[in-house]
Each structure stands twice: as C-alpha cells, then as structure tokens.
$ cat my_file30.cif   # mmCIF, C-alpha atoms
data_entry
loop_
_atom_site.group_PDB
_atom_site.id
_atom_site.type_symbol
_atom_site.label_atom_id
_atom_site.label_comp_id
_atom_site.auth_asym_id
_atom_site.auth_seq_id
_atom_site.Cartn_x
_atom_site.Cartn_y
_atom_site.Cartn_z
ATOM 1 C CA MET D 1067 80.635 10.121 6.077
ATOM 2 C CA PRO D 1068 78.593 13.259 6.977
ATOM 3 C CA ARG D 1069 74.799 12.893 7.283
ATOM 4 C CA PRO D 1070 72.695 15.052 4.928
ATOM 5 C CA ASN D 1071 70.638 17.956 6.311
ATOM 6 C CA ASN D 1072 67.470 16.381 7.760
ATOM 7 C CA GLU D 1073 65.044 18.983 6.306
ATOM 8 C CA ARG D 1074 66.538 18.849 2.827
ATOM 9 C CA TYR D 1075 66.694 15.059 2.976
ATOM 10 C CA ALA D 1076 63.013 14.819 3.925
ATOM 11 C CA MET D 1077 61.984 17.193 1.133
ATOM 12 C CA ALA D 1078 63.936 15.155 -1.398
ATOM 13 C CA ILE D 1079 62.400 11.898 -0.221
ATOM 14 C CA ASN D 1080 58.859 13.361 -0.257
ATOM 15 C CA SER D 1081 59.267 14.827 -3.727
ATOM 16 C CA LYS D 1082 60.327 11.427 -5.097
ATOM 17 C CA THR D 1083 57.926 9.188 -3.225
ATOM 18 C CA GLU D 1084 54.569 10.888 -3.837
ATOM 19 C CA LEU D 1085 52.097 8.048 -4.234
ATOM 20 C CA PRO D 1086 49.321 7.995 -6.870
ATOM 21 C CA GLU D 1087 46.620 7.887 -4.188
ATOM 22 C CA ASP D 1088 48.110 11.072 -2.620
ATOM 23 C CA ARG D 1089 47.661 12.886 -5.923
ATOM 24 C CA LEU D 1090 44.116 11.567 -6.225
ATOM 25 C CA ASN D 1091 43.300 12.742 -2.690
ATOM 26 C CA PHE D 1092 44.774 16.178 -3.430
ATOM 27 C CA ASP D 1093 42.742 16.504 -6.645
ATOM 28 C CA ALA D 1094 39.586 15.420 -4.829
ATOM 29 C CA LEU D 1095 40.197 18.024 -2.121
ATOM 30 C CA ASN D 1096 40.627 20.744 -4.760
ATOM 31 C CA CYS D 1097 37.460 19.634 -6.514
ATOM 32 C CA HIS D 1098 35.521 19.739 -3.229
ATOM 33 C CA HIS D 1099 36.887 23.215 -2.488
ATOM 34 C CA GLU D 1100 35.900 24.513 -5.937
ATOM 35 C CA SER D 1101 32.404 23.036 -5.617
ATOM 36 C CA LYS D 1102 31.959 24.791 -2.257
ATOM 37 C CA LYS D 1103 32.982 28.107 -3.862
ATOM 38 C CA ALA D 1104 30.496 27.542 -6.683
ATOM 39 C CA ILE D 1105 27.692 26.786 -4.207
ATOM 40 C CA ALA D 1106 28.557 29.927 -2.205
ATOM 41 C CA SER D 1107 28.490 31.989 -5.403
ATOM 42 C CA ILE D 1108 25.074 30.628 -6.343
ATOM 43 C CA SER D 1109 23.730 31.285 -2.845
ATOM 44 C CA LYS D 1110 24.754 34.932 -3.135
ATOM 45 C CA GLN D 1111 22.518 35.394 -6.174
ATOM 46 C CA GLN D 1112 19.142 36.805 -5.239
ATOM 47 C CA SER D 1113 15.867 35.538 -6.618
ATOM 48 C CA PRO D 1114 13.371 37.940 -8.213
ATOM 49 C CA PHE D 1115 11.314 37.718 -5.008
ATOM 50 C CA ASP D 1116 14.315 38.845 -2.939
ATOM 51 C CA LEU D 1117 14.849 41.810 -5.263
ATOM 52 C CA LEU D 1118 11.146 42.686 -5.117
ATOM 53 C CA ARG D 1119 11.284 42.543 -1.319
ATOM 54 C CA ILE D 1120 14.291 44.909 -1.273
ATOM 55 C CA LEU D 1121 12.446 47.309 -3.605
ATOM 56 C CA CYS D 1122 9.232 47.265 -1.539
ATOM 57 C CA GLU D 1123 10.948 47.617 1.834
ATOM 58 C CA GLY D 1124 12.986 50.540 0.511
ATOM 59 C CA ALA D 1125 9.866 52.153 -0.946
ATOM 60 C CA VAL D 1126 7.958 51.931 2.355
ATOM 61 C CA ALA D 1127 10.895 53.315 4.342
ATOM 62 C CA GLY D 1128 11.517 56.072 1.788
ATOM 63 C CA ALA D 1129 7.872 57.163 1.737
ATOM 64 C CA ALA D 1130 7.765 57.412 5.532
ATOM 65 C CA ALA D 1131 11.048 59.323 5.759
ATOM 66 C CA GLY D 1132 10.163 61.691 2.908
ATOM 67 C CA VAL D 1133 6.752 62.661 4.317
ATOM 68 C CA VAL D 1134 8.060 63.210 7.864
ATOM 69 C CA VAL D 1135 10.992 65.406 6.847
ATOM 70 C CA GLU D 1136 8.939 67.429 4.337
ATOM 71 C CA ALA D 1137 6.195 68.191 6.845
ATOM 72 C CA ALA D 1138 8.670 69.072 9.598
ATOM 73 C CA LEU D 1139 10.871 71.451 7.606
ATOM 74 C CA TYR D 1140 8.532 72.955 5.033
ATOM 75 C CA PRO D 1141 8.668 76.536 6.450
ATOM 76 C CA ILE D 1142 12.481 76.637 6.188
ATOM 77 C CA ASP D 1143 12.248 75.407 2.596
ATOM 78 C CA THR D 1144 9.707 78.143 1.828
ATOM 79 C CA ILE D 1145 12.020 80.875 3.189
ATOM 80 C CA LYS D 1146 14.934 79.452 1.175
ATOM 81 C CA THR D 1147 12.856 79.414 -2.016
ATOM 82 C CA ARG D 1148 11.680 83.013 -1.533
ATOM 83 C CA LEU D 1149 15.256 84.201 -0.866
ATOM 84 C CA GLN D 1150 16.460 82.606 -4.092
ATOM 85 C CA ALA D 1151 13.516 83.739 -6.204
ATOM 86 C CA VAL D 1152 13.580 87.449 -5.265
ATOM 87 C CA ARG D 1153 15.607 89.623 -7.643
ATOM 88 C CA GLY D 1154 17.983 92.367 -6.574
ATOM 89 C CA GLY D 1155 17.320 93.774 -3.112
ATOM 90 C CA GLY D 1156 13.672 92.776 -2.906
ATOM 91 C CA GLN D 1157 12.112 91.815 0.414
ATOM 92 C CA ILE D 1158 10.819 88.334 1.175
ATOM 93 C CA ILE D 1159 7.361 87.721 2.678
ATOM 94 C CA LEU D 1160 7.202 85.643 5.864
ATOM 95 C CA LYS D 1161 3.493 84.846 5.657
ATOM 96 C CA GLY D 1162 2.050 81.574 4.384
ATOM 97 C CA LEU D 1163 5.138 79.505 5.120
ATOM 98 C CA TYR D 1164 3.089 76.304 4.861
ATOM 99 C CA SER D 1165 1.590 77.310 1.520
ATOM 100 C CA GLY D 1166 1.314 74.250 -0.727
ATOM 101 C CA LEU D 1167 2.288 71.665 1.914
ATOM 102 C CA ALA D 1168 -0.705 69.335 1.424
ATOM 103 C CA GLY D 1169 -0.318 69.208 -2.344
ATOM 104 C CA ASN D 1170 3.420 68.763 -2.002
ATOM 105 C CA LEU D 1171 3.047 65.754 0.308
ATOM 106 C CA VAL D 1172 0.918 64.064 -2.364
ATOM 107 C CA GLY D 1173 3.951 64.190 -4.647
ATOM 108 C CA VAL D 1174 6.647 63.650 -2.014
ATOM 109 C CA LEU D 1175 5.246 60.305 -0.859
ATOM 110 C CA PRO D 1176 5.514 58.459 -4.218
ATOM 111 C CA ALA D 1177 8.697 60.317 -5.191
ATOM 112 C CA SER D 1178 10.485 59.296 -1.975
ATOM 113 C CA ALA D 1179 9.182 55.751 -2.289
ATOM 114 C CA ILE D 1180 10.486 55.447 -5.849
ATOM 115 C CA PHE D 1181 13.827 57.010 -4.969
ATOM 116 C CA VAL D 1182 14.703 54.842 -1.963
ATOM 117 C CA GLY D 1183 13.225 51.678 -3.478
ATOM 118 C CA VAL D 1184 15.293 52.030 -6.655
ATOM 119 C CA TYR D 1185 18.349 53.177 -4.671
ATOM 120 C CA GLU D 1186 18.301 50.126 -2.367
ATOM 121 C CA LEU D 1187 17.858 47.768 -5.311
ATOM 122 C CA ALA D 1188 20.613 49.397 -7.388
ATOM 123 C CA LYS D 1189 22.933 49.542 -4.371
ATOM 124 C CA ARG D 1190 22.508 45.833 -3.642
ATOM 125 C CA LYS D 1191 23.175 44.815 -7.252
ATOM 126 C CA LEU D 1192 26.184 47.140 -7.587
ATOM 127 C CA LEU D 1193 27.769 46.084 -4.288
ATOM 128 C CA ASP D 1194 27.528 42.460 -5.449
ATOM 129 C CA SER D 1195 29.276 43.407 -8.710
ATOM 130 C CA VAL D 1196 32.170 45.657 -7.635
ATOM 131 C CA PRO D 1197 35.158 45.013 -5.352
ATOM 132 C CA GLU D 1198 34.725 45.990 -1.716
ATOM 133 C CA ASN D 1199 37.245 48.822 -2.010
ATOM 134 C CA LEU D 1200 35.064 50.439 -4.714
ATOM 135 C CA SER D 1201 31.881 50.544 -2.631
ATOM 136 C CA ALA D 1202 31.821 54.357 -2.853
ATOM 137 C CA ILE D 1203 31.314 54.090 -6.626
ATOM 138 C CA ALA D 1204 28.365 51.758 -6.032
ATOM 139 C CA HIS D 1205 26.793 54.243 -3.595
ATOM 140 C CA LEU D 1206 27.394 57.208 -5.934
ATOM 141 C CA THR D 1207 25.889 55.393 -8.903
ATOM 142 C CA ALA D 1208 22.909 54.042 -6.947
ATOM 143 C CA GLY D 1209 22.126 57.551 -5.666
ATOM 144 C CA ALA D 1210 22.144 58.966 -9.193
ATOM 145 C CA VAL D 1211 19.987 56.099 -10.513
ATOM 146 C CA GLY D 1212 17.450 56.579 -7.720
ATOM 147 C CA GLY D 1213 17.337 60.325 -8.358
ATOM 148 C CA ALA D 1214 16.799 59.846 -12.098
ATOM 149 C CA ALA D 1215 13.988 57.331 -11.537
ATOM 150 C CA SER D 1216 12.131 59.550 -9.052
ATOM 151 C CA SER D 1217 12.563 62.753 -11.089
ATOM 152 C CA ILE D 1218 9.442 61.917 -13.118
ATOM 153 C CA VAL D 1219 7.397 62.647 -9.983
ATOM 154 C CA ARG D 1220 9.766 64.973 -8.119
ATOM 155 C CA VAL D 1221 10.012 67.646 -10.828
ATOM 156 C CA PRO D 1222 6.258 68.411 -11.193
ATOM 157 C CA THR D 1223 5.961 68.286 -7.400
ATOM 158 C CA GLU D 1224 8.827 70.764 -7.036
ATOM 159 C CA VAL D 1225 7.446 73.099 -9.728
ATOM 160 C CA VAL D 1226 4.004 73.268 -8.102
ATOM 161 C CA LYS D 1227 5.490 73.642 -4.613
ATOM 162 C CA GLN D 1228 7.811 76.504 -5.536
ATOM 163 C CA ARG D 1229 5.141 78.389 -7.525
ATOM 164 C CA MET D 1230 2.891 78.215 -4.458
ATOM 165 C CA GLN D 1231 5.693 79.174 -2.083
ATOM 166 C CA THR D 1232 6.303 82.319 -4.123
ATOM 167 C CA GLY D 1233 2.587 83.223 -3.998
ATOM 168 C CA GLN D 1234 1.679 82.521 -7.631
ATOM 169 C CA PHE D 1235 -1.137 80.083 -6.811
ATOM 170 C CA ALA D 1236 -3.471 79.425 -3.882
ATOM 171 C CA SER D 1237 -3.821 75.642 -4.144
ATOM 172 C CA ALA D 1238 -2.066 72.699 -5.757
ATOM 173 C CA PRO D 1239 -4.984 71.709 -8.067
ATOM 174 C CA ASP D 1240 -5.260 75.319 -9.298
ATOM 175 C CA ALA D 1241 -1.502 75.418 -9.826
ATOM 176 C CA VAL D 1242 -1.500 72.264 -11.942
ATOM 177 C CA ARG D 1243 -4.532 73.353 -13.987
ATOM 178 C CA LEU D 1244 -3.251 76.875 -14.697
ATOM 179 C CA ILE D 1245 0.323 75.791 -15.429
ATOM 180 C CA VAL D 1246 -0.923 73.273 -17.992
ATOM 181 C CA ALA D 1247 -3.356 75.840 -19.466
ATOM 182 C CA LYS D 1248 -0.723 78.584 -19.870
ATOM 183 C CA GLU D 1249 2.464 76.619 -20.505
ATOM 184 C CA GLY D 1250 1.260 73.212 -21.597
ATOM 185 C CA PHE D 1251 2.147 69.914 -19.959
ATOM 186 C CA ARG D 1252 5.814 70.810 -20.377
ATOM 187 C CA GLY D 1253 5.298 73.621 -17.864
ATOM 188 C CA LEU D 1254 5.131 71.012 -15.096
ATOM 189 C CA TYR D 1255 8.668 70.016 -16.069
ATOM 190 C CA ALA D 1256 10.077 73.548 -16.210
ATOM 191 C CA GLY D 1257 13.720 73.476 -15.157
ATOM 192 C CA TYR D 1258 13.936 69.698 -15.598
ATOM 193 C CA GLY D 1259 17.517 69.907 -16.868
ATOM 194 C CA SER D 1260 18.618 72.114 -13.980
ATOM 195 C CA PHE D 1261 16.776 69.844 -11.554
ATOM 196 C CA LEU D 1262 18.797 66.873 -12.789
ATOM 197 C CA LEU D 1263 21.937 69.023 -12.762
ATOM 198 C CA ARG D 1264 21.337 69.745 -9.079
ATOM 199 C CA ASP D 1265 19.656 66.621 -7.764
ATOM 200 C CA LEU D 1266 21.624 63.837 -9.426
ATOM 201 C CA PRO D 1267 24.954 65.100 -7.993
ATOM 202 C CA PHE D 1268 23.190 65.938 -4.713
ATOM 203 C CA ASP D 1269 21.618 62.496 -4.321
ATOM 204 C CA ALA D 1270 24.819 60.723 -5.343
ATOM 205 C CA ILE D 1271 27.091 62.754 -3.027
ATOM 206 C CA GLN D 1272 24.754 62.772 -0.023
ATOM 207 C CA PHE D 1273 24.067 59.051 -0.039
ATOM 208 C CA CYS D 1274 27.716 58.222 -0.742
ATOM 209 C CA ILE D 1275 28.916 60.349 2.200
ATOM 210 C CA TYR D 1276 26.234 58.858 4.441
ATOM 211 C CA GLU D 1277 26.916 55.240 3.490
ATOM 212 C CA GLN D 1278 30.707 55.567 3.671
ATOM 213 C CA MET D 1279 30.622 57.330 7.048
ATOM 214 C CA ARG D 1280 28.164 54.764 8.335
ATOM 215 C CA MET D 1281 30.393 51.883 7.214
ATOM 216 C CA GLY D 1282 33.442 53.474 8.858
ATOM 217 C CA TYR D 1283 31.550 54.157 12.086
ATOM 218 C CA LYS D 1284 30.294 50.566 12.247
ATOM 219 C CA LEU D 1285 33.810 49.213 11.725
ATOM 220 C CA ALA D 1286 35.180 51.455 14.472
ATOM 221 C CA ALA D 1287 32.351 50.733 16.906
ATOM 222 C CA LYS D 1288 32.173 47.010 15.977
ATOM 223 C CA ARG D 1289 28.380 47.023 16.320
ATOM 224 C CA ASP D 1290 25.221 48.190 14.569
ATOM 225 C CA LEU D 1291 24.507 51.909 14.803
ATOM 226 C CA LYS D 1292 21.809 53.324 17.047
ATOM 227 C CA ASP D 1293 19.129 55.692 15.757
ATOM 228 C CA PRO D 1294 20.785 58.898 17.092
ATOM 229 C CA GLU D 1295 24.065 57.883 15.437
ATOM 230 C CA ASN D 1296 22.359 57.344 12.064
ATOM 231 C CA ALA D 1297 20.677 60.732 12.484
ATOM 232 C CA MET D 1298 23.990 62.455 13.312
ATOM 233 C CA ILE D 1299 25.721 61.008 10.245
ATOM 234 C CA GLY D 1300 22.715 61.932 8.082
ATOM 235 C CA ALA D 1301 22.847 65.536 9.327
ATOM 236 C CA PHE D 1302 26.537 65.858 8.481
ATOM 237 C CA ALA D 1303 26.118 64.318 5.020
ATOM 238 C CA GLY D 1304 23.138 66.565 4.262
ATOM 239 C CA ALA D 1305 24.760 69.799 5.437
ATOM 240 C CA ILE D 1306 27.981 69.243 3.459
ATOM 241 C CA THR D 1307 26.114 68.279 0.283
ATOM 242 C CA GLY D 1308 23.655 71.159 0.660
ATOM 243 C CA ALA D 1309 26.461 73.727 0.866
ATOM 244 C CA ILE D 1310 28.298 72.317 -2.169
ATOM 245 C CA THR D 1311 25.206 72.288 -4.389
ATOM 246 C CA THR D 1312 23.722 75.703 -3.463
ATOM 247 C CA PRO D 1313 24.570 77.392 -6.815
ATOM 248 C CA LEU D 1314 22.838 74.544 -8.663
ATOM 249 C CA ASP D 1315 19.801 75.010 -6.414
ATOM 250 C CA VAL D 1316 19.628 78.752 -7.148
ATOM 251 C CA ILE D 1317 19.696 78.084 -10.902
ATOM 252 C CA LYS D 1318 17.021 75.404 -10.592
ATOM 253 C CA THR D 1319 14.776 77.700 -8.515
ATOM 254 C CA ARG D 1320 15.040 80.605 -10.981
ATOM 255 C CA LEU D 1321 14.185 78.389 -13.948
ATOM 256 C CA MET D 1322 11.255 76.733 -12.187
ATOM 257 C CA VAL D 1323 9.546 79.883 -10.871
ATOM 258 C CA GLN D 1324 9.917 82.053 -13.988
ATOM 259 C CA GLY D 1325 6.682 80.732 -15.479
ATOM 260 C CA SER D 1326 5.648 81.916 -18.945
ATOM 261 C CA ALA D 1327 7.748 85.105 -18.651
ATOM 262 C CA LYS D 1328 10.826 83.137 -19.819
ATOM 263 C CA GLN D 1329 13.440 85.472 -18.356
ATOM 264 C CA TYR D 1330 16.031 82.732 -18.845
ATOM 265 C CA GLU D 1331 16.500 80.650 -21.961
ATOM 266 C CA GLY D 1332 18.411 77.833 -20.317
ATOM 267 C CA ILE D 1333 20.942 76.898 -17.664
ATOM 268 C CA MET D 1334 23.941 78.809 -19.038
ATOM 269 C CA HIS D 1335 21.850 81.876 -19.918
ATOM 270 C CA CYS D 1336 20.472 81.840 -16.368
ATOM 271 C CA VAL D 1337 23.981 81.671 -14.853
ATOM 272 C CA ASN D 1338 25.343 84.438 -17.092
ATOM 273 C CA THR D 1339 22.334 86.714 -16.451
ATOM 274 C CA ILE D 1340 22.515 86.272 -12.679
ATOM 275 C CA VAL D 1341 26.266 86.921 -12.539
ATOM 276 C CA ARG D 1342 26.028 89.944 -14.884
ATOM 277 C CA GLU D 1343 22.993 91.633 -13.301
ATOM 278 C CA GLU D 1344 23.202 90.596 -9.643
ATOM 279 C CA GLY D 1345 26.753 89.425 -9.040
ATOM 280 C CA ALA D 1346 28.288 85.980 -8.506
ATOM 281 C CA SER D 1347 27.401 86.018 -4.805
ATOM 282 C CA THR D 1348 23.731 85.645 -5.792
ATOM 283 C CA LEU D 1349 24.499 82.040 -6.747
ATOM 284 C CA PHE D 1350 24.982 81.366 -3.026
ATOM 285 C CA LYS D 1351 21.728 83.031 -1.943
ATOM 286 C CA GLY D 1352 19.820 81.008 0.593
ATOM 287 C CA MET D 1353 22.841 78.899 1.559
ATOM 288 C CA GLY D 1354 22.193 79.389 5.292
ATOM 289 C CA PRO D 1355 18.568 78.206 5.251
ATOM 290 C CA ARG D 1356 19.484 75.480 2.741
ATOM 291 C CA VAL D 1357 22.297 74.028 4.872
ATOM 292 C CA LEU D 1358 20.119 74.288 7.996
ATOM 293 C CA TRP D 1359 17.145 72.732 6.230
ATOM 294 C CA ILE D 1360 19.072 69.879 4.612
ATOM 295 C CA GLY D 1361 21.244 69.270 7.679
ATOM 296 C CA ILE D 1362 18.244 68.904 9.980
ATOM 297 C CA GLY D 1363 16.364 67.173 7.175
ATOM 298 C CA GLY D 1364 19.199 64.672 6.706
ATOM 299 C CA SER D 1365 19.090 63.910 10.407
ATOM 300 C CA ILE D 1366 15.334 63.284 10.364
ATOM 301 C CA PHE D 1367 15.293 61.526 6.979
ATOM 302 C CA PHE D 1368 18.050 59.009 7.643
ATOM 303 C CA GLY D 1369 16.942 58.472 11.235
ATOM 304 C CA VAL D 1370 13.377 57.652 10.154
ATOM 305 C CA LEU D 1371 14.635 55.705 7.115
ATOM 306 C CA GLU D 1372 16.853 53.321 9.098
ATOM 307 C CA ARG D 1373 14.261 52.839 11.843
ATOM 308 C CA THR D 1374 11.493 52.085 9.306
ATOM 309 C CA LYS D 1375 13.755 49.669 7.394
ATOM 310 C CA LYS D 1376 14.384 47.747 10.626
ATOM 311 C CA LEU D 1377 10.677 47.654 11.485
ATOM 312 C CA VAL D 1378 9.670 46.459 8.004
ATOM 313 C CA ALA D 1379 12.457 43.861 7.894
ATOM 314 C CA ALA D 1380 11.437 42.562 11.339
ATOM 315 C CA LYS D 1381 7.881 41.959 10.114
ATOM 316 C CA HIS D 1382 9.113 40.113 7.013
ATOM 317 C CA PRO D 1383 12.290 38.264 8.065
ATOM 318 C CA VAL D 1384 14.364 36.548 5.392
ATOM 319 C CA ASP D 1385 14.442 32.748 5.724
#
$ encode --input "my_file30.cif" --output "structure tokens"
Amino acid sequence: MPRPNNERYAMAINSKTELPEDRLNFDALNCHHESKKAIASISKQQSPFDLLRILCEGAVAGAAAGVVVEAALYPIDTIKTRLQAVRGGGQIILKGLYSGLAGNLVGVLPASAIFVGVYELAKRKLLDSVPENLSAIAHLTAGAVGGAASSIVRVPTEVVKQRMQTGQFASAPDAVRLIVAKEGFRGLYAGYGSFLLRDLPFDAIQFCIYEQMRMGYKLAAKRDLKDPENAMIGAFAGAITGAITTPLDVIKTRLMVQGSAKQYEGIMHCVNTIVREEGASTLFKGMGPRVLWIGIGGSIFFGVLERTKKLVAAKHPVD
C-alpha cells in the first residue's frame, strides 16, 4: 500500500487536529498585535504643546532666514522692480538701490515668521494625514497655506517697498502715511489679488521642489544633508520657480506701483494692456535679475533656515 505524500499528510492532520487552546493563543496574539498598533497610532498624535513648539521653531527660523536674505539681496530686487515698472524703452536709475530696506525689514521679519511657522505646522499635519507617496501634495498645500497666512503682512510690506524702490517716497513711514491719505487703507493692499496669484503658486512650487529634492537626496546619500547641500537644493528650487512665475511677478509689480493713477483696472486688463501696448515679451521683463535674485536667495534662505531649525531644536530637545 503506497504511503501518502508527507507534506499533504501533515497538512491534513494539522487542519483536523487544531486544539481549542491553539485557537485561543492565536486570538490572543492577534489582540496583542492590534493593541500595539493602536498604541503606536496614539503615540503619533501630537499634543497641542508639540504643535505650538513646531509653530514657534518654524517662526524663529523663518524670521532669521527672511531677514538675512532680504538684507543681502535687496539691491538686485530693486533693479528687478525698476526694470518691470518702467514703461516702453525708459531707462532705469541705478541710484538708491537700498532705498526702503529698513522699513522693509520691519515687515519681512513677521511675514517670514508667520509663513514658515504656519508652513511647518501645516506640513506636519498633512504628512500625518496623506500616504507617503502623496507627500508632494502635502508640501504644495502647506506652501500655499503658509503664503496665504503671511500675505496679510507681506502685501503692505511689498507695496511700500516697491513704491520706495521706484522713487515715489523717501521713507517707509511717509510711504504708509501718504498711501493711506491718498488711496485709503486699501491702498496698502493694492495688487493683493495679483500678489496671491503670483505668491501662492510660487510658495507652493518652490517649497515642494525643495522638499522633494531634499527627500530624494537624503535617500540617495543615506544621511542627513549638510548646510551647503541644503543651500544648493534651495538655489535650484528658487531659480526654477522664479523663472516660471516671472509673468505673474510683472503683473503684480505693475498693479502695486501704479498708485492712484489706476492705469490698470485689474489683472486681466493689466495683461491685455501690456501685451497690446508693449508686446508679450514685456511679461518676461526682469527675468534675469529675478532668477539670479531668487536663486541666490533660495540658497541663503534655505541654508539659514535649516541651520536655525537645528540650532533651535538642539536648545529645546523633544523628550
């Protein structure tokens, strides 16, 4: 009589002789495994104090990075603004390239603090909520949220800065006082729609490119990035985003510096007027200085940002 296949025979015996205590042990093991998963899930949730710490650390790092990059590259920004503001074949003035810097820094510090603080908080919450393969969406959304939150401070700061860069006012306090007197409080938010049209896509794209490249670099290098590497990635992300968004920047500049003259009635009227009277190429005016400014600025900003985040985190380690 032939013997049955040993493997099949053993499977048949095991399937018929499962003891009650085996089932109880298996159920207990499953229960223990599920409880461990639940505990891990709870541990991932952050307390309000953790979220506040993330917000504050981001705000400190953002303020430091924003002030450093603004002070370092202000003259290039002034040249870019004057190139975009001049109509037709007018000549730009190369004097007073630091005009309005002090007043601008007063606005840049809180604006950068709000932006990075909100961005870091939104990024952390979104990354905890979306699958790992959709991290780019989390970075895009967090960048847009941070930009929207900081626009309350950034827009008046930008309006005053650009009016001074184009020689309309001698000091920031005079600029604020005269803008409000002639145009009302709304004058400080001139071009707000075009600012959001430019800066929300800019912030979202720049920070998404930076974060995704940084993640890929860390995976390839299998270590934390050094400061020069963060700066290099920041420069690339800034330059690419600056080139893409140049037409939006031209529109925003024209609307912000027009003052009470009201040459343009809105975004679409501004675009149509520029294309009709000056040609479509005008929408790319100042691209060279803009890409240079934002490329170098991205290098400085992200380099200082990551270094400051490390320093702040080291002083307040998480238990």
$ resolve_selection --input "my_file30.cif" --expression "the PyMOL selection byres ((chain D and resi 1306) around 10)" --output "list in words"
Ile1271, Gln1272, Ile1275, Ala1301, Phe1302, Ala1303, Gly1304, Ala1305, Thr1307, Gly1308, Ala1309, Ile1310, Thr1311, Val1357, Ile1360 and Gly1361 of chain D
$ closest_residue --input "my_file30.cif" --among "D:Gln1324, D:Phe1367, D:Asn1199, D:Gly1233" --to "Leu1160 in chain D" --atoms "all atoms listed in the file"
D:Gly1233
$ resolve_selection --input "my_file30.cif" --expression "the PyMOL selection byres ((chain D and resi 1255) around 9)" --output "PyMOL selection string"
chain D and resi 1218+1221-1222+1225+1251-1254+1256-1259+1322
$ resolve_selection --input "my_file30.cif" --expression "the PyMOL selection byres ((chain D and resi 1265) around 9)" --output "list in words"
Ala1210, Gly1213, Ala1214, Ser1217, Ser1260, Phe1261, Leu1262, Leu1263, Arg1264, Leu1266, Pro1267, Phe1268, Asp1269, Ala1270, Thr1311, Leu1314 and Asp1315 of chain D
$ residues_around --input "my_file30.cif" --residues "Arg1320 in chain D" --least-positions-apart "3" --cutoff "6 Å" --atoms "only C-alpha atoms" --output "ChimeraX atom specification"
/D:1151,1317,1323
$ closest_residue --input "my_file30.cif" --among "D:Gly1128, D:Gly1250, D:Gly1183, D:Gly1166" --to "Gly1325 in chain D" --atoms "only C-alpha atoms"
D:Gly1250
$ atom_distance --input "my_file30.cif" --atom1 "CA of Val1184 in chain D" --atom2 "CA of Cys1122 in chain D"
9.3 Å
$ residues_around --input "my_file30.cif" --residues "range 1133-1146 of chain D" --least-positions-apart "6" --cutoff "8 Å" --atoms "only C-alpha atoms" --output "ChimeraX atom specification"
/D:1158,1160,1163-1164,1167,1171,1174-1175,1228,1231,1352-1353,1355-1356,1359,1363,1366-1367
$ closest_residue --input "my_file30.cif" --among "D:Ile1333, D:Lys1318, D:Val1196, D:Thr1232" --to "Leu1149 in chain D" --atoms "only C-alpha atoms"
D:Thr1232
$ closest_residue --input "my_file30.cif" --among "D:Val1126, D:Met1230, D:Ile1120, D:Ala1346" --to "Ile1245 in chain D" --atoms "all atoms listed in the file"
D:Met1230
$ atom_distance --input "my_file30.cif" --atom1 "CA of Val1246 in chain D" --atom2 "CA of Val1172 in chain D"
18.2 Å
$ closest_residue --input "my_file30.cif" --among "D:Val1219, D:Ala1129, D:Ala1286, D:Leu1121" --to "Tyr1185 in chain D" --atoms "all atoms listed in the file"
D:Leu1121
$ atom_distance --input "my_file30.cif" --atom1 "CA of Glu1249 in chain D" --atom2 "CA of Arg1220 in chain D"
18.5 Å
$ residues_around --input "my_file30.cif" --residues "Tyr1283 in chain D" --least-positions-apart "5" --cutoff "12 Å" --atoms "all atoms listed in the file" --output "list in words"
Ile1275, Tyr1276, Glu1277, Gln1278, Lys1288, Arg1289, Asp1290, Leu1291, Lys1292, Glu1295, Asn1296, Met1298 and Ile1299 of chain D
$ axis_aligned_box --input "my_file30.cif" --around "range 1268-1285 of chain D" --padding-each-side "5 Å" --output "lines of an AutoDock Vina configuration file"
center_x = 27.7
center_y = 57.6
center_z = 3.5
size_x = 22.2
size_y = 26.7
size_z = 27.6
$ decode --input "my_file30.cif" --residues "range 1235-1239 of chain D" --atoms "all heavy atoms" --output "PDB file, in the first residue's frame"
ATOM      1  N   PHE D1235       8.586 107.549  -2.755  1.00  0.00           N
ATOM      2  CA  PHE D1235       8.642 108.032  -1.373  1.00  0.00           C
ATOM      3  C   PHE D1235      10.066 107.935  -0.847  1.00  0.00           C
ATOM      4  O   PHE D1235      10.858 107.116  -1.312  1.00  0.00           O
ATOM      5  CB  PHE D1235       7.696 107.225  -0.469  1.00  0.00           C
ATOM      6  CG  PHE D1235       6.263 107.222  -0.933  1.00  0.00           C
ATOM      7  CD1 PHE D1235       5.717 106.085  -1.526  1.00  0.00           C
ATOM      8  CD2 PHE D1235       5.470 108.342  -0.792  1.00  0.00           C
ATOM      9  CE1 PHE D1235       4.412 106.071  -1.956  1.00  0.00           C
ATOM     10  CE2 PHE D1235       4.153 108.350  -1.226  1.00  0.00           C
ATOM     11  CZ  PHE D1235       3.618 107.212  -1.812  1.00  0.00           C
ATOM     12  N   ALA D1236      10.355 108.759   0.191  1.00  0.00           N
ATOM     13  CA  ALA D1236      11.709 108.805   0.739  1.00  0.00           C
ATOM     14  C   ALA D1236      11.887 107.887   1.939  1.00  0.00           C
ATOM     15  O   ALA D1236      12.990 107.458   2.234  1.00  0.00           O
ATOM     16  CB  ALA D1236      12.064 110.235   1.142  1.00  0.00           C
ATOM     17  N   SER D1237      10.800 107.613   2.670  1.00  0.00           N
ATOM     18  CA  SER D1237      10.913 106.754   3.848  1.00  0.00           C
ATOM     19  C   SER D1237       9.658 105.909   3.994  1.00  0.00           C
ATOM     20  O   SER D1237       8.586 106.263   3.472  1.00  0.00           O
ATOM     21  CB  SER D1237      11.121 107.588   5.117  1.00  0.00           C
ATOM     22  OG  SER D1237       9.950 108.333   5.421  1.00  0.00           O
ATOM     23  N   ALA D1238       9.785 104.818   4.735  1.00  0.00           N
ATOM     24  CA  ALA D1238       8.653 103.906   4.911  1.00  0.00           C
ATOM     25  C   ALA D1238       7.490 104.562   5.667  1.00  0.00           C
ATOM     26  O   ALA D1238       6.325 104.417   5.254  1.00  0.00           O
ATOM     27  CB  ALA D1238       9.115 102.638   5.616  1.00  0.00           C
ATOM     28  N   PRO D1239       7.737 105.284   6.775  1.00  0.00           N
ATOM     29  CA  PRO D1239       6.610 105.945   7.461  1.00  0.00           C
ATOM     30  C   PRO D1239       5.871 106.936   6.560  1.00  0.00           C
ATOM     31  O   PRO D1239       4.640 107.002   6.582  1.00  0.00           O
ATOM     32  CB  PRO D1239       7.283 106.663   8.635  1.00  0.00           C
ATOM     33  CG  PRO D1239       8.528 105.880   8.887  1.00  0.00           C
ATOM     34  CD  PRO D1239       8.989 105.423   7.540  1.00  0.00           C
TER      35      PRO D1239
END
